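Undergrad: Before we start, here is the structure in question, set down as C-alpha cells.
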2 protein chains.
Amino acid sequence: MTRYTAPIQDMQFLLHDVLKLPQSGLPGHDELDRDFTAAILDAAGQLASDVLEPLNRVGDEQGCVLENGVVRTPDGFKAAFDAVREGGWTGLDCDPEYGGQGMPYVLGLATGEMFVSANLAFNMYQGLTHGAYSAIHAHGTDAQKRTYLPKMVSCEWTGTMNLTEPHCGTDLGLLRTKAEPQDDGSYLITGQKIFISAGDHDLADNVIHLVLAKAPGGGEGTKGISLFIVPKFLVNEDGSLGERQPVSVGKLEEKMGIHGNATCVMNYDGAKGWLLGDLHKGMRAMFTMMNEARLGVGLQGYAAAEAAYQNAVDYARDRLQGRAVTGAENPSGPADPIIVHPDVRRMLMDQRSFLEGARALAFWAAHMIDKADAGDQDAHGLISLMTPVIKGFLTDKGFDGTVQAQQVYGGHGYIEEWGMSQFVRDARIAMIYEGANGIQALDLVGRKLALDGGRHVMAFFEMVKGFIREHEGDEELKADFLDPLKAASKDLQAASMFFMERGMKTPNDALAGSYDFMHLFGHVALGLMWGRIAVAAKAALAAGEGDEGFLRDKLTTGRYYMARHLPMTGTHLARIRSGGDVVMALDAARF
Amino acid sequence: MTRYTAPIQDMQFLLHDVLKLPQSGLPGHDELDRDFTAAILDAAGQLASDVLEPLNRVGDEQGCVLENGVVRTPDGFKAAFDAVREGGWTGLDCDPEYGGQGMPYVLGLATGEMFVSANLAFNMYQGLTHGAYSAIHAHGTDAQKRTYLPKMVSCEWTGTMNLTEPHCGTDLGLLRTKAEPQDDGSYLITGQKIFISAGDHDLADNVIHLVLAKAPGGGEGTKGISLFIVPKFLVNEDGSLGERQPVSVGKLEEKMGIHGNATCVMNYDGAKGWLLGDLHKGMRAMFTMMNEARLGVGLQGYAAAEAAYQNAVDYARDRLQGRAVTGAENPSGPADPIIVHPDVRRMLMDQRSFLEGARALAFWAAHMIDKADAGDQDAHGLISLMTPVIKGFLTDKGFDGTVQAQQVYGGHGYIEEWGMSQFVRDARIAMIYEGANGIQALDLVGRKLALDGGRHVMAFFEMVKGFIREHEGDEELKADFLDPLKAASKDLQAASMFFMERGMKTPNDALAGSYDFMHLFGHVALGLMWGRIAVAAKAALAAGEGDEGFLRDKLTTGRYYMARHLPMTGTHLARIRSGGDVVMALDAARF
C-alpha cells in the first residue's frame, strides 16, 4: 500500500546549488556536474522504487528465519541484493584499487538515503558491509585488504560489527570474549555476541565478522580490547573459500521492527581471527566503523521520515473528510481532502521542514567527510563534533516524523496493512543502536565539546556568525531566517557557557543537560542549513535559473522551520539551566 | 519479563490529601475514608498484578483469532474476565438499581487505571461496556434499561460503539449505514462499520452494539444520524437469549498493538435495532459515550506510561554499565547500575513527573464528573472544557513516556521478549482512537473555548489565580511551584487572547495553533496539579502525618516537572503566535 519516489530534485539542488559540487574543494572529482549526478541519482531512485520498496512490507511480514543453523531472508531479498550488487551500488564510493568506483561519500550517502527510505532493513546488509570495508581499509594490512576488500566492495561477502555482549553494550570494558594467540599469528576467538545485525543470511557467500575481544596482556577495561577479523568461511591462499569456522547463530531476535534484517546472537567457539589494527587498540579501529555507522544511522532517521511523509501526503490528498473552515475546496465531492485542514497541514509541514533540513545536514556532513578524507583538518574536527548531533537529533526527530505521518492516517495508521506502523517500528531502532541517543549526548558534551581545546565548537559558532554577517544585508532573509538563527545560536552559546562554567566543578549539571544540548545543537544546525538553502534558492531565483516553484517552496518550507521548530531552543536552554540537582535529587533507592 | 505494582500510596494520597474525599462535596459517600478506599484499591491492585498483568504478553503474542465467524480471545482471557466480573469490578461505579455498587466515578477510574496498566487490551472489553452502559443509562427508556443494564453492569453482556465506516471516521455526516423503520417500532440496520473494538469475542454471552445509522427523514450530515441498540442475540421477554442476529465479523484487523483486543469489521445485514434516545439526535447520545471514552483513553495514555516506567526503573537498577561521574557507587561490582547516570535519571524523572501529574489530573477530572453528576454545573462546564486536553495531552505524553521507558533498556528495549515494545505499540492507539488528537485540539479551540461565552476557560484561569493567591505567602512554594505556574498560565492566557482576536477573522490562525494550544493547556493543568500536590504534601509534613519519605519525594518530583516540563509553554506560545499563514503557505498541490 506504500510507495516511494526518490527526492532527486532536492538532492540535485543540495549537491549543486547548496554544496556547489564539483567546484567546492573535492580534488579529482571534476566530473560531478549536474548531468552526471542526475544519471546516478535517477538510476538509484528507480532501483529503490521498483525493486527495494515493494519488498519492504514482505520483509516486515516474513522476517528472517533460522533453520538448521542457517538464516533465510525474506522472499525476494536475494534477487534484490543481486540487483544492487550488479548495478555497482555497493562500491559507489569505495576505493578503485579494490573494485570501487571512487565517487565521493556524499554520493554514496545520497543513494544510500534512497535505499534506506525504500527498505531500511534490507539496506543494512549492505550498510554494515560498507562499515566493515572502511575499518579494514583504514586499519588492515595490505594482505588483509587484498584478501577481503574486493569481495566486500562487491558485496559478494558482507560484513558485521560485533561489540555487544549480553552483559555489556555501552560499557565495553566489561566484555568477556577472549582471543587466544596461536603460533601462526592468528587468534582463537571464543565468546558470545548479541544484537549482531546481518549476522548471518543467505545473500552472500561469506560473512566477515569484525569482533571485539580481549587478548592476553591488555589492561583493564577498554584498554585491553582488540579488534579481529573473523570470517564465517576461512579464505584460502587463492581467494577461494575454505573451511566453515565454528561461528554459529545461537538465536534470531524477535524485534519491534526491521524484521527483514537478521539480528543474531553469535557464538564464537574457538573461531580463527586475525588482528585488525594494533593489539589492544581495538576501540580505535572500531570507531572508524562506528563513526561511519553513526552517520548512517542518522540518515536512517530522516530517510524513514521521508518515506513515511510521502505516503502521509498521498493519504491527506485522497482522504475526504470535513470541509475547509474557509469554504469548501472540493464542492462537487462529499467532503474536502483532509490536506485542507490546518492541523493536518501542520503535521505535514512539521515533517517536511524537518526532513529537508535534515537531508541538507546529512549531505553537508558527507561533504565534510569527503573534505576530511582529502586532508582538511578543520572539516575533520567539525564532523567529529557533529557526528553525535546528527545521529541523535536526526533519529529522534525522524522517529517523531514517522509517528506524525502515521497520525495523519487516523485509525488506518494503526492497521499494519497500510504500512505506516512499519515506518514507526523500523525507525525506532535508529534511536537505540550504534550508541543509544543518550550516549550520543554524552559523547557530545563529555568529549566532543572540549576536543582540541573547544576549537571545533568555536569553529561552528564562527561558521554561523560568518553566515549571518555575510547575508544580513538581505532584509527578507534577515527577518525570516537570520534573526531566528541568531537567537537560536545565542541559546546554544549560552548553554555551552553554562557547561563550561559548571562542567568541571559539578559534572552532573552538564550531564543532566546533555540530551537537551544535543537537540539544541541539532536545531541550530538545521536552522543554519535552512539559511544556506534559502540563500541558494534566492540566488537561483535571482538568476532566473532552476524550477521557480521548487525554489519558492524551499523558502516557504524553510520559513516554517524557523517559525515553528526553532523556538524549541528556548525550552532546551531553560531545561539545561535548571541544572543537575533537580534531576538527581530523588534518591535512586526511592524510584 | 515485565511486572506491575499498583501505585496505591499515590492514589490514596490523591483521594484523601489532595481531593479530600469524602468531605469534598460528594453527597451520599460518607463511607469513603482511608481504610475503605485502601481495601478497594488493594484488592484491585492484586487482581491487576496477579491475574491481568501476566496475560499482557500472552495477549500480544497470540492476538485474537477469527474462526468460522467466531472470535477467540487469547488463552486465559476468559478466566481472567470471569475473575474481574466475579469480583464485582465491572459495576463498581454503576447504578445500584441495575446491580452496580454505586461508588463514585473516581474510584472506578482508580481501579480502571490499574487494570489498564496491567493489560490495556484486556481492559477494553470492560471499558467499552461501561461506556455503552452509560449511554443507555442516560438515554434509554425504562424498558431498555431493565433489559440491558443489569447484564452489562455484570459484564455478562458486553458493549461496543459503532461509529466509523470505511470512508468516514471524523466526518460522521458521511455515514451510510441505514436504519429502516419496522411496524413493530424497531429498525432494520444495514451497513458496514470498521475499527469496532471488542466487536466480538468469547468472553460474554451477548454483545450489545450501539450503532450510528441514518433513518429516513433526517437532515443531511450529522443531523440525520440516530443511535440504535443492536444486540448480537435478540433478548426474549423473559430476559433469555433468542435468535442470533445477522451481525457478523467481516474481518479482524492486524494492528500495531492491543492485539489482545478484537478490532472488528462489523457487517450489519438487516439486524434488528432499537432507537436509543431521540430520532435524528444520535450524535448527542453517542457523545455521552464518547466523552466518557475520551477520559478513559486519556487514562490509557498515562496508565501505559506508568507500567512502562515501573519496568524501566527496575532495569535501570539492575543493569550495570559504566561508573557514576562523581565516583563509583557500586565499587564492589563490575560497574554501577545505570540509574546513577544523569541522563538515565532524566529519562526516569521525565516519565515519573509526567505520570504522577497526569494521575492527579485524571483523578481531579473524575471527581469533577462526580460533582457534575450530583448537579454541579460549574464542574460540568470545567470537565467539558478539559476533556479534549486530558485525552490529547495525556495520550501524547503517555506515548512519549513509553518510548522513553523503552529507551532506558537500550538494545533490549527493541526486543519483544522484554516487553517494552508492547507498551509503546499499545500506547500508540490512544493518540488515535476516540477522535485523533488533532480532533481533540479542534474540539478544544473550535468549540470548548467559546462554550457558554468562554465562561469555563475563564473559570479555569480563576482557579489557577485563586490557587496562586491563596498560597503565595509560602516562599518555598512560591519559588518552586507558584512562579513557574504563573508564567505558564500567562502563556496560556496570551494564547487564548491570540485566538480570540484572530479566531473569527482568520480562523486558520486559531486552527493552525490548536495542537500547540492543547499541549500548552495540558502543561498548565499539570502545573496546577503539581501545585496542589505540593500544598497537600507540605500540609501533611507540617502536621507530621503520613509517610515523610513519600511526601518529600512528591515535592522533589513536582519541582522537576516545574523546572523541566513546564518551560515547553514558551515554545508552544511562540508556535501559536507564528500564525496560520506559515502553516498554510505551501500550496496543497505542491506537497
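In the C-alpha cells, each chain is lettered A, B, ... as it comes, each chain's residues begin at 1, and ligands are numbered from 1 in order of appearance.
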Using only C-alpha atoms and a cut-off of 6 Å, which residues of chain A sit close to chain B? Please list them as a PyMOL selection string.
TA: chain A and resi 171+254-256+321-322+342-343+346+410+414-416+432+511-512+560+564+567-568+571+575+582-583
Undergrad: Hey, what's within 9 Å of range 269-272 of chain A if we count only C-alpha atoms and toss same-chain stuff fewer than 5 positions away? As a list of chain:residue names, please?
TA: A:Ala179, A:Glu180, A:Ser186, A:Tyr187, A:Leu188, A:Ile189, A:Thr190, A:Gly191, A:Gln192, A:Ile229, A:Val230, A:Pro231, A:Lys232, A:Leu234, A:Gln245, A:Pro246, A:Val247, A:Ser248
Undergrad: For range 197-208 of chain A, please output as a list in words all residues within 8 Å (counting only C-alpha atoms; exclusion window: fewer than 3 positions along the same chain).
TA: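 Residues near the query, excluding close chain neighbours: Val70, Val71, Arg72, Thr73, Phe77, Lys78, Phe81, Met124, Tyr125, Leu128, Cys155, Glu156, Trp157, Thr158, Gly159, Thr160, Met161, Ile229, Val230, Pro231, Lys232, Phe233, Val249, Asn261, Ala262, Thr263, Cys264, Val265 and Met266 of chain A.
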Undergrad: Just the residues within 7 Å of range 18-33 of chain B, please, counting only C-alpha atoms, with nothing from its chain fewer than 6 positions along; format it as a PyMOL selection string.
TA: chain B and resi 371+532-533+536
Undergrad: Report, in Å to a single decimal, how far apart CA of Leu212 in chain B and CA of Gly282 in chain B are.
TA: 6.7 Å
Undergrad: Show me, as a PyMOL selection string, the residues that have an atom within 9 Å of Leu47 in chain B when counting only C-alpha atoms, minus same-chain residues fewer than 3 positions from it.
TA: chain B and resi 42-44+50-53+83-84+114-115
Undergrad: Pull the closest atom pair for each residue of range 287-339 of chain A that gets at most 12 Å from range 139-144 of chain A, along with the distance in Å to one decimal, counting only C-alpha atoms, ordering rows by chain and then ascending residue number, as a tab-separated table.
TA:
residue	atom	partner	partner_atom	distance
A:Phe287	CA	A:His139	CA	11.0
A:Thr288	CA	A:His139	CA	8.8
A:Met289	CA	A:His139	CA	10.5
Undergrad: Quick one: pull the distance between CA of Pro216 in chain A and CA of Arg284 in chain A, Å, one decimal.
TA: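 Computing it gives 18.1 Å between the two atoms.
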Undergrad: Please, which residues of range 71-154 of chain A, numbered as in this document, come out helix (DSSP H, G or I) from DSSP, as a PyMOL selection string?
TA: chain A and resi 77-86+89-91+96-98+105-118+120-139+142-153
Undergrad: Grab the CA of Asp60 in chain A to CA of Gln404 in chain B distance for me, in Å with one decimal place.
TA: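 Here the two named atoms are 23.9 Å from each other.
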